[in-house]
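**Student:** One structure, as structure tokens, below. Some questions next.
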Amino acid sequence: MSSSQPIAARLGVDRLEAPITVGTLHRVYFGSDFLSAENVTLSNLIEPKPDGPTRALFVLDQSLSTCWPDLEERIREYQAAHADRFTLTKILELPGGEASKNSSRAYEALLQAINDEGICRQSYVVAMGGGALLDVAGYAASTSHRGVRLIRFPTTTLSQGDSGIGVKNGINKFGKKNFLGAFDVPIAVLNDEKYLTTLSDRDWRAGFSEAVKVALIKDGPFYDEVEKIAGRVMERDHDLLMPIVHRSAELHFRHIVEGGDPFERTVARPLDFGHWSAHKIEQMSDFSVLHGEAVATGVALDTLYSATAGHLGMDSAIRACQCLKDMGFSLHHPVMDRHEDLFEGIEEFRQHLGGELAVTLLKGIGEGFTCHEIDLSKMEEALERLKDFS
């Protein structure tokens, strides 16, 4: 065989191919007061090194620290009680909310702390806060040393029922939601009911839009339960409402671990039902509309569009919109009157998916399906109908 031939040909090899299976465990815990010294859930998740305790860096949402002024002291007391498992390198406070994702400042501050505190691939970042802070922390952890161990500690109804459960991390760029990001499975998610008690009414309500969303596309009987308690959401009765948050988390969790596409390699993304417009509404309002509020509007809009396009009975669409309105959501925002700007969200969503549009719609309560085209005239009709629920 001639030495001038390509090496692969001389070796008789023209292709190497084998599957790579990434074995990882996705864990979500529900409880209260995980930072009590007697609660070993968190400490058991932090594996000490063979030669002693490992290092952990805590990053806190600033609004959380405001509501819980003794939080840093409690973290230090927890570490002292479990000093055999980890040392506390630093407690870093960062701004939460979407503003923390709109620039790279929070992300870079956490990268700096990870570097300065000697956090390595066997160390841990423990992130406590709402979904935006968790996104920033997850992105920093996933890109440092190609992956630092992350424990998520979501502290809002939205992050406990949806965003904190997922495996997505990222920040915004070029005016687009989550343009920069990475998929990475956290070591665990700790849903601590205690930290929901100090949420503002807006933040408390916000997470229930995601419960409506996932119920509409996946679980009709669960939607019936949500609908029954919709008018009582703002009573903030934890015994009544925490099962809704937990079931929402479970449905999101099951889709991720059992849906066959945890890192969204295909175009279908059912959990983004209502999100093409939600993301655009957030941007167009300069993020004065909370993500959960925008999701409520987006879910209502795509539910009504499902009806105007002939996929869903209008009675069912009106029922879903009324459920969201009963929770206290306003389902129309003035920015939505700029139809041309709003519809740019469809193209941005298409680009984010990789070129082919895949929008989840409804053919029944609890029955979602993927649609690849949007009739803008029907969408405008749905927008007009939505004004009845403002």
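Residue numbering restarts at 1 for every chain of the structure tokens, chains are lettered A, B, ... in their displayed order, and ligands are numbered from 1 as they appear.
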At a cut-off of 9 Å, using only C-alpha atoms, what residues contact range 201-218 of chain A? Leave out same-chain residues fewer than 4 positions from it and give the result as a PDB file with C-alpha atoms, in the first residue's frame.
**Tutor:**
```
ATOM      1  CA  THR A 156     -39.196  31.187  44.188  1.00  0.00           C
ATOM      2  CA  THR A 157     -42.339  29.369  43.119  1.00  0.00           C
ATOM      3  CA  LEU A 158     -41.239  29.667  39.494  1.00  0.00           C
ATOM      4  CA  SER A 159     -37.760  28.262  40.022  1.00  0.00           C
ATOM      5  CA  GLN A 160     -39.014  25.494  42.323  1.00  0.00           C
ATOM      6  CA  GLY A 161     -41.746  24.424  39.901  1.00  0.00           C
ATOM      7  CA  ASP A 162     -39.919  24.929  36.608  1.00  0.00           C
ATOM      8  CA  LEU A 196     -41.149  31.063  49.629  1.00  0.00           C
ATOM      9  CA  THR A 197     -42.764  32.727  52.634  1.00  0.00           C
ATOM     10  CA  PHE A 222     -53.779  18.074  36.994  1.00  0.00           C
ATOM     11  CA  TYR A 223     -55.108  21.055  35.052  1.00  0.00           C
ATOM     12  CA  ASP A 224     -58.528  20.403  36.610  1.00  0.00           C
ATOM     13  CA  VAL A 226     -55.105  23.829  39.208  1.00  0.00           C
ATOM     14  CA  GLU A 227     -58.285  25.370  37.840  1.00  0.00           C
ATOM     15  CA  ALA A 230     -56.885  29.317  40.747  1.00  0.00           C
ATOM     16  CA  VAL A 233     -53.514  31.370  44.737  1.00  0.00           C
ATOM     17  CA  MET A 234     -53.093  34.749  46.403  1.00  0.00           C
ATOM     18  CA  ARG A 236     -50.857  31.815  49.876  1.00  0.00           C
ATOM     19  CA  ILE A 244     -49.334  22.310  42.855  1.00  0.00           C
ATOM     20  CA  VAL A 245     -45.717  23.511  42.855  1.00  0.00           C
ATOM     21  CA  ARG A 247     -46.578  18.444  40.739  1.00  0.00           C
ATOM     22  CA  SER A 248     -45.395  21.135  38.337  1.00  0.00           C
ATOM     23  CA  ALA A 249     -41.807  20.296  39.287  1.00  0.00           C
ATOM     24  CA  LEU A 251     -43.946  17.047  35.328  1.00  0.00           C
ATOM     25  CA  HIS A 252     -40.996  19.201  34.259  1.00  0.00           C
ATOM     26  CA  PRO A 270     -42.958  21.203  24.576  1.00  0.00           C
ATOM     27  CA  LEU A 271     -41.936  22.915  27.816  1.00  0.00           C
ATOM     28  CA  ASP A 272     -41.540  26.148  25.849  1.00  0.00           C
ATOM     29  CA  PHE A 273     -45.282  26.341  25.232  1.00  0.00           C
ATOM     30  CA  GLY A 274     -46.159  30.043  25.155  1.00  0.00           C
ATOM     31  CA  LEU A 290     -41.697  39.261  35.112  1.00  0.00           C
ATOM     32  CA  HIS A 291     -40.960  36.015  33.314  1.00  0.00           C
ATOM     33  CA  GLY A 292     -43.885  34.216  34.970  1.00  0.00           C
ATOM     34  CA  GLU A 293     -46.230  37.053  34.034  1.00  0.00           C
ATOM     35  CA  ALA A 294     -45.025  36.944  30.435  1.00  0.00           C
ATOM     36  CA  VAL A 295     -45.464  33.165  30.392  1.00  0.00           C
ATOM     37  CA  ALA A 296     -49.064  33.532  31.578  1.00  0.00           C
ATOM     38  CA  THR A 297     -49.712  35.879  28.654  1.00  0.00           C
ATOM     39  CA  VAL A 299     -49.673  30.539  27.284  1.00  0.00           C
ATOM     40  CA  THR A 303     -54.058  28.609  23.696  1.00  0.00           C
ATOM     41  CA  ALA A 320     -57.669  28.282  30.289  1.00  0.00           C
ATOM     42  CA  CYS A 323     -57.970  30.200  34.972  1.00  0.00           C
ATOM     43  CA  LEU A 324     -54.928  32.444  34.540  1.00  0.00           C
ATOM     44  CA  MET A 327     -54.928  33.720  39.553  1.00  0.00           C
ATOM     45  CA  GLY A 328     -54.550  37.464  39.132  1.00  0.00           C
ATOM     46  CA  PHE A 329     -52.579  37.644  35.905  1.00  0.00           C
ATOM     47  CA  THR A 360     -46.283  23.695  20.884  1.00  0.00           C
ATOM     48  CA  LEU A 361     -50.046  24.121  20.543  1.00  0.00           C
ATOM     49  CA  LEU A 362     -53.055  22.395  22.076  1.00  0.00           C
ATOM     50  CA  GLY A 364     -57.159  19.405  24.030  1.00  0.00           C
ATOM     51  CA  ILE A 365     -56.670  20.169  27.705  1.00  0.00           C
ATOM     52  CA  GLY A 366     -53.599  18.124  28.600  1.00  0.00           C
ATOM     53  CA  GLU A 367     -52.801  17.360  24.936  1.00  0.00           C
ATOM     54  CA  GLY A 368     -50.011  19.340  23.342  1.00  0.00           C
ATOM     55  CA  PHE A 369     -48.632  18.861  19.834  1.00  0.00           C
TER      56      PHE A 369
END
```
**Student:** DSSP says strand (DSSP E) for which residues of range 92-325 of chain A? Put them as a VMD selection string?
**Tutor:** chain A and resid 92 to 94 124 to 129 149 to 154 168 to 173 176 to 183 188 to 192
**Student:** Store the residues picked out above in a file with N, CA and C atoms, as a JSON list (two decimals), in the first residue's frame.
**Tutor:**
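Done, and the output landed in result.json:
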```
[["chain", "number", "residue", "atom", "x", "y", "z"],
["A", 92, "LEU", "N", -20.91, 34.80, 48.29],
["A", 92, "LEU", "CA", -20.96, 35.90, 47.32],
["A", 92, "LEU", "C", -22.40, 36.29, 47.06],
["A", 93, "GLU", "N", -22.70, 37.57, 47.21],
["A", 93, "GLU", "CA", -24.04, 38.06, 46.89],
["A", 93, "GLU", "C", -24.03, 38.70, 45.51],
["A", 94, "LEU", "N", -25.04, 38.35, 44.69],
["A", 94, "LEU", "CA", -25.17, 38.91, 43.35],
["A", 94, "LEU", "C", -26.61, 39.37, 43.14],
["A", 124, "TYR", "N", -17.61, 22.69, 44.92],
["A", 124, "TYR", "CA", -19.04, 22.91, 44.71],
["A", 124, "TYR", "C", -19.37, 24.40, 44.70],
["A", 125, "VAL", "N", -20.29, 24.76, 43.81],
["A", 125, "VAL", "CA", -20.97, 26.04, 43.87],
["A", 125, "VAL", "C", -22.40, 25.76, 44.31],
["A", 126, "VAL", "N", -22.83, 26.40, 45.38],
["A", 126, "VAL", "CA", -24.21, 26.26, 45.87],
["A", 126, "VAL", "C", -24.91, 27.58, 45.59],
["A", 127, "ALA", "N", -25.89, 27.55, 44.70],
["A", 127, "ALA", "CA", -26.57, 28.78, 44.26],
["A", 127, "ALA", "C", -27.96, 28.84, 44.86],
["A", 128, "MET", "N", -28.24, 29.93, 45.58],
["A", 128, "MET", "CA", -29.54, 30.13, 46.23],
["A", 128, "MET", "C", -30.20, 31.38, 45.66],
["A", 129, "GLY", "N", -31.40, 31.22, 45.11],
["A", 129, "GLY", "CA", -32.13, 32.38, 44.59],
["A", 129, "GLY", "C", -33.16, 31.99, 43.57],
["A", 149, "ARG", "N", -18.99, 21.40, 40.06],
["A", 149, "ARG", "CA", -20.22, 20.80, 40.59],
["A", 149, "ARG", "C", -21.16, 21.89, 41.13],
["A", 150, "LEU", "N", -22.41, 21.79, 40.73],
["A", 150, "LEU", "CA", -23.40, 22.81, 41.09],
["A", 150, "LEU", "C", -24.55, 22.18, 41.88],
["A", 151, "ILE", "N", -24.92, 22.83, 42.97],
["A", 151, "ILE", "CA", -26.13, 22.48, 43.71],
["A", 151, "ILE", "C", -27.07, 23.68, 43.62],
["A", 152, "ARG", "N", -28.27, 23.45, 43.12],
["A", 152, "ARG", "CA", -29.26, 24.52, 42.99],
["A", 152, "ARG", "C", -30.16, 24.54, 44.21],
["A", 153, "PHE", "N", -30.43, 25.77, 44.66],
["A", 153, "PHE", "CA", -31.28, 25.97, 45.84],
["A", 153, "PHE", "C", -32.31, 27.02, 45.44],
["A", 154, "PRO", "N", -33.30, 26.66, 44.62],
["A", 154, "PRO", "CA", -34.27, 27.65, 44.14],
["A", 154, "PRO", "C", -35.16, 28.16, 45.26],
["A", 168, "LYS", "N", -30.77, 23.64, 32.08],
["A", 168, "LYS", "CA", -30.32, 24.74, 31.24],
["A", 168, "LYS", "C", -29.74, 25.87, 32.09],
["A", 169, "ASN", "N", -28.69, 26.48, 31.57],
["A", 169, "ASN", "CA", -28.02, 27.60, 32.23],
["A", 169, "ASN", "C", -27.71, 28.63, 31.16],
["A", 170, "GLY", "N", -27.69, 29.92, 31.53],
["A", 170, "GLY", "CA", -27.33, 30.88, 30.51],
["A", 170, "GLY", "C", -27.55, 32.32, 30.91],
["A", 171, "ILE", "N", -27.10, 33.20, 30.02],
["A", 171, "ILE", "CA", -27.32, 34.64, 30.16],
["A", 171, "ILE", "C", -27.79, 35.19, 28.82],
["A", 172, "ASN", "N", -28.30, 36.40, 28.84],
["A", 172, "ASN", "CA", -28.83, 37.03, 27.63],
["A", 172, "ASN", "C", -27.71, 37.76, 26.89],
["A", 173, "LYS", "N", -27.87, 37.85, 25.57],
["A", 173, "LYS", "CA", -26.89, 38.55, 24.75],
["A", 173, "LYS", "C", -27.57, 39.00, 23.46],
["A", 176, "LYS", "N", -31.29, 38.98, 23.20],
["A", 176, "LYS", "CA", -32.00, 37.70, 23.06],
["A", 176, "LYS", "C", -31.84, 36.89, 24.34],
["A", 177, "LYS", "N", -32.93, 36.27, 24.75],
["A", 177, "LYS", "CA", -32.93, 35.45, 25.96],
["A", 177, "LYS", "C", -32.03, 34.24, 25.78],
["A", 178, "ASN", "N", -31.15, 34.02, 26.76],
["A", 178, "ASN", "CA", -30.35, 32.80, 26.85],
["A", 178, "ASN", "C", -29.54, 32.52, 25.58],
["A", 179, "PHE", "N", -29.03, 33.58, 24.95],
["A", 179, "PHE", "CA", -28.22, 33.38, 23.74],
["A", 179, "PHE", "C", -26.93, 32.64, 24.08],
["A", 180, "LEU", "N", -26.37, 32.93, 25.25],
["A", 180, "LEU", "CA", -25.19, 32.22, 25.73],
["A", 180, "LEU", "C", -25.62, 31.25, 26.83],
["A", 181, "GLY", "N", -25.16, 30.03, 26.75],
["A", 181, "GLY", "CA", -25.57, 29.10, 27.79],
["A", 181, "GLY", "C", -25.00, 27.71, 27.57],
["A", 182, "ALA", "N", -25.34, 26.83, 28.48],
["A", 182, "ALA", "CA", -24.87, 25.45, 28.42],
["A", 182, "ALA", "C", -25.87, 24.55, 29.12],
["A", 183, "PHE", "N", -25.95, 23.32, 28.64],
["A", 183, "PHE", "CA", -26.73, 22.30, 29.32],
["A", 183, "PHE", "C", -25.81, 21.59, 30.31],
["A", 188, "ALA", "N", -27.71, 18.35, 42.44],
["A", 188, "ALA", "CA", -29.05, 18.19, 43.02],
["A", 188, "ALA", "C", -29.75, 19.54, 43.03],
["A", 189, "VAL", "N", -31.06, 19.47, 43.21],
["A", 189, "VAL", "CA", -31.91, 20.65, 43.38],
["A", 189, "VAL", "C", -32.62, 20.51, 44.72],
["A", 190, "LEU", "N", -32.50, 21.54, 45.56],
["A", 190, "LEU", "CA", -33.14, 21.52, 46.87],
["A", 190, "LEU", "C", -34.28, 22.54, 46.89],
["A", 191, "ASN", "N", -35.50, 22.06, 46.83],
["A", 191, "ASN", "CA", -36.67, 22.93, 46.88],
["A", 191, "ASN", "C", -37.09, 23.12, 48.34],
["A", 192, "ASP", "N", -36.75, 24.27, 48.88],
["A", 192, "ASP", "CA", -37.00, 24.55, 50.29],
["A", 192, "ASP", "C", -38.20, 25.49, 50.41]]
```
**Student:** Would you write out, as a Markdown table, a table of all residues in range 208-301 of chain A that have an atom no more than 9 Å from an atom of range 346-355 of chain A, listing for each the closest atom pair and the distance in Å to one decimal, considering only C-alpha atoms and ordering rows by chain and rising residue number?
**Tutor:**
```
| residue | atom | partner | partner_atom | distance |
| --- | --- | --- | --- | --- |
| A:Glu264 | CA | A:Leu353 | CA | 8.8 |
| A:Arg265 | CA | A:Leu353 | CA | 8.9 |
| A:Thr266 | CA | A:Leu353 | CA | 8.1 |
| A:Val267 | CA | A:Leu353 | CA | 5.7 |
| A:Ala268 | CA | A:Leu353 | CA | 8.4 |
| A:Arg269 | CA | A:Leu353 | CA | 8.8 |
| A:His275 | CA | A:Phe349 | CA | 8.7 |
| A:Trp276 | CA | A:Phe349 | CA | 5.7 |
| A:Ser277 | CA | A:Ile346 | CA | 7.4 |
| A:Lys280 | CA | A:Ile346 | CA | 8.8 |
```
**Student:** What's the 7 Å shell around range 381-389 of chain A, counting only C-alpha atoms, without same-chain residues fewer than 2 positions away, as a PyMOL selection string?
**Tutor:** chain A and resi 301+304-305+308+325+330-332+377-379
**Student:** Please compute the CA of Ala56 in chain A-CA of Arg146 in chain A distance, one decimal, in Å.
**Tutor:**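 The value is 17.0 Å.
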**Student:** Could you check the closest approach to Asp70 in chain A for each of A:Gly231, A:Ala140, A:Glu117, A:Leu35 and tell me which residue wins, using only C-alpha atoms?
**Tutor:**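 Answer, going by the shortest atom-to-atom distance: A:Leu35.
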**Student:** Can you tell me how far CA of Leu111 in chain A sits from CA of Val59 in chain A, in Å to one decimal?
**Tutor:**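 CA of Val59 in chain A lies 11.3 Å from CA of Leu111 in chain A.
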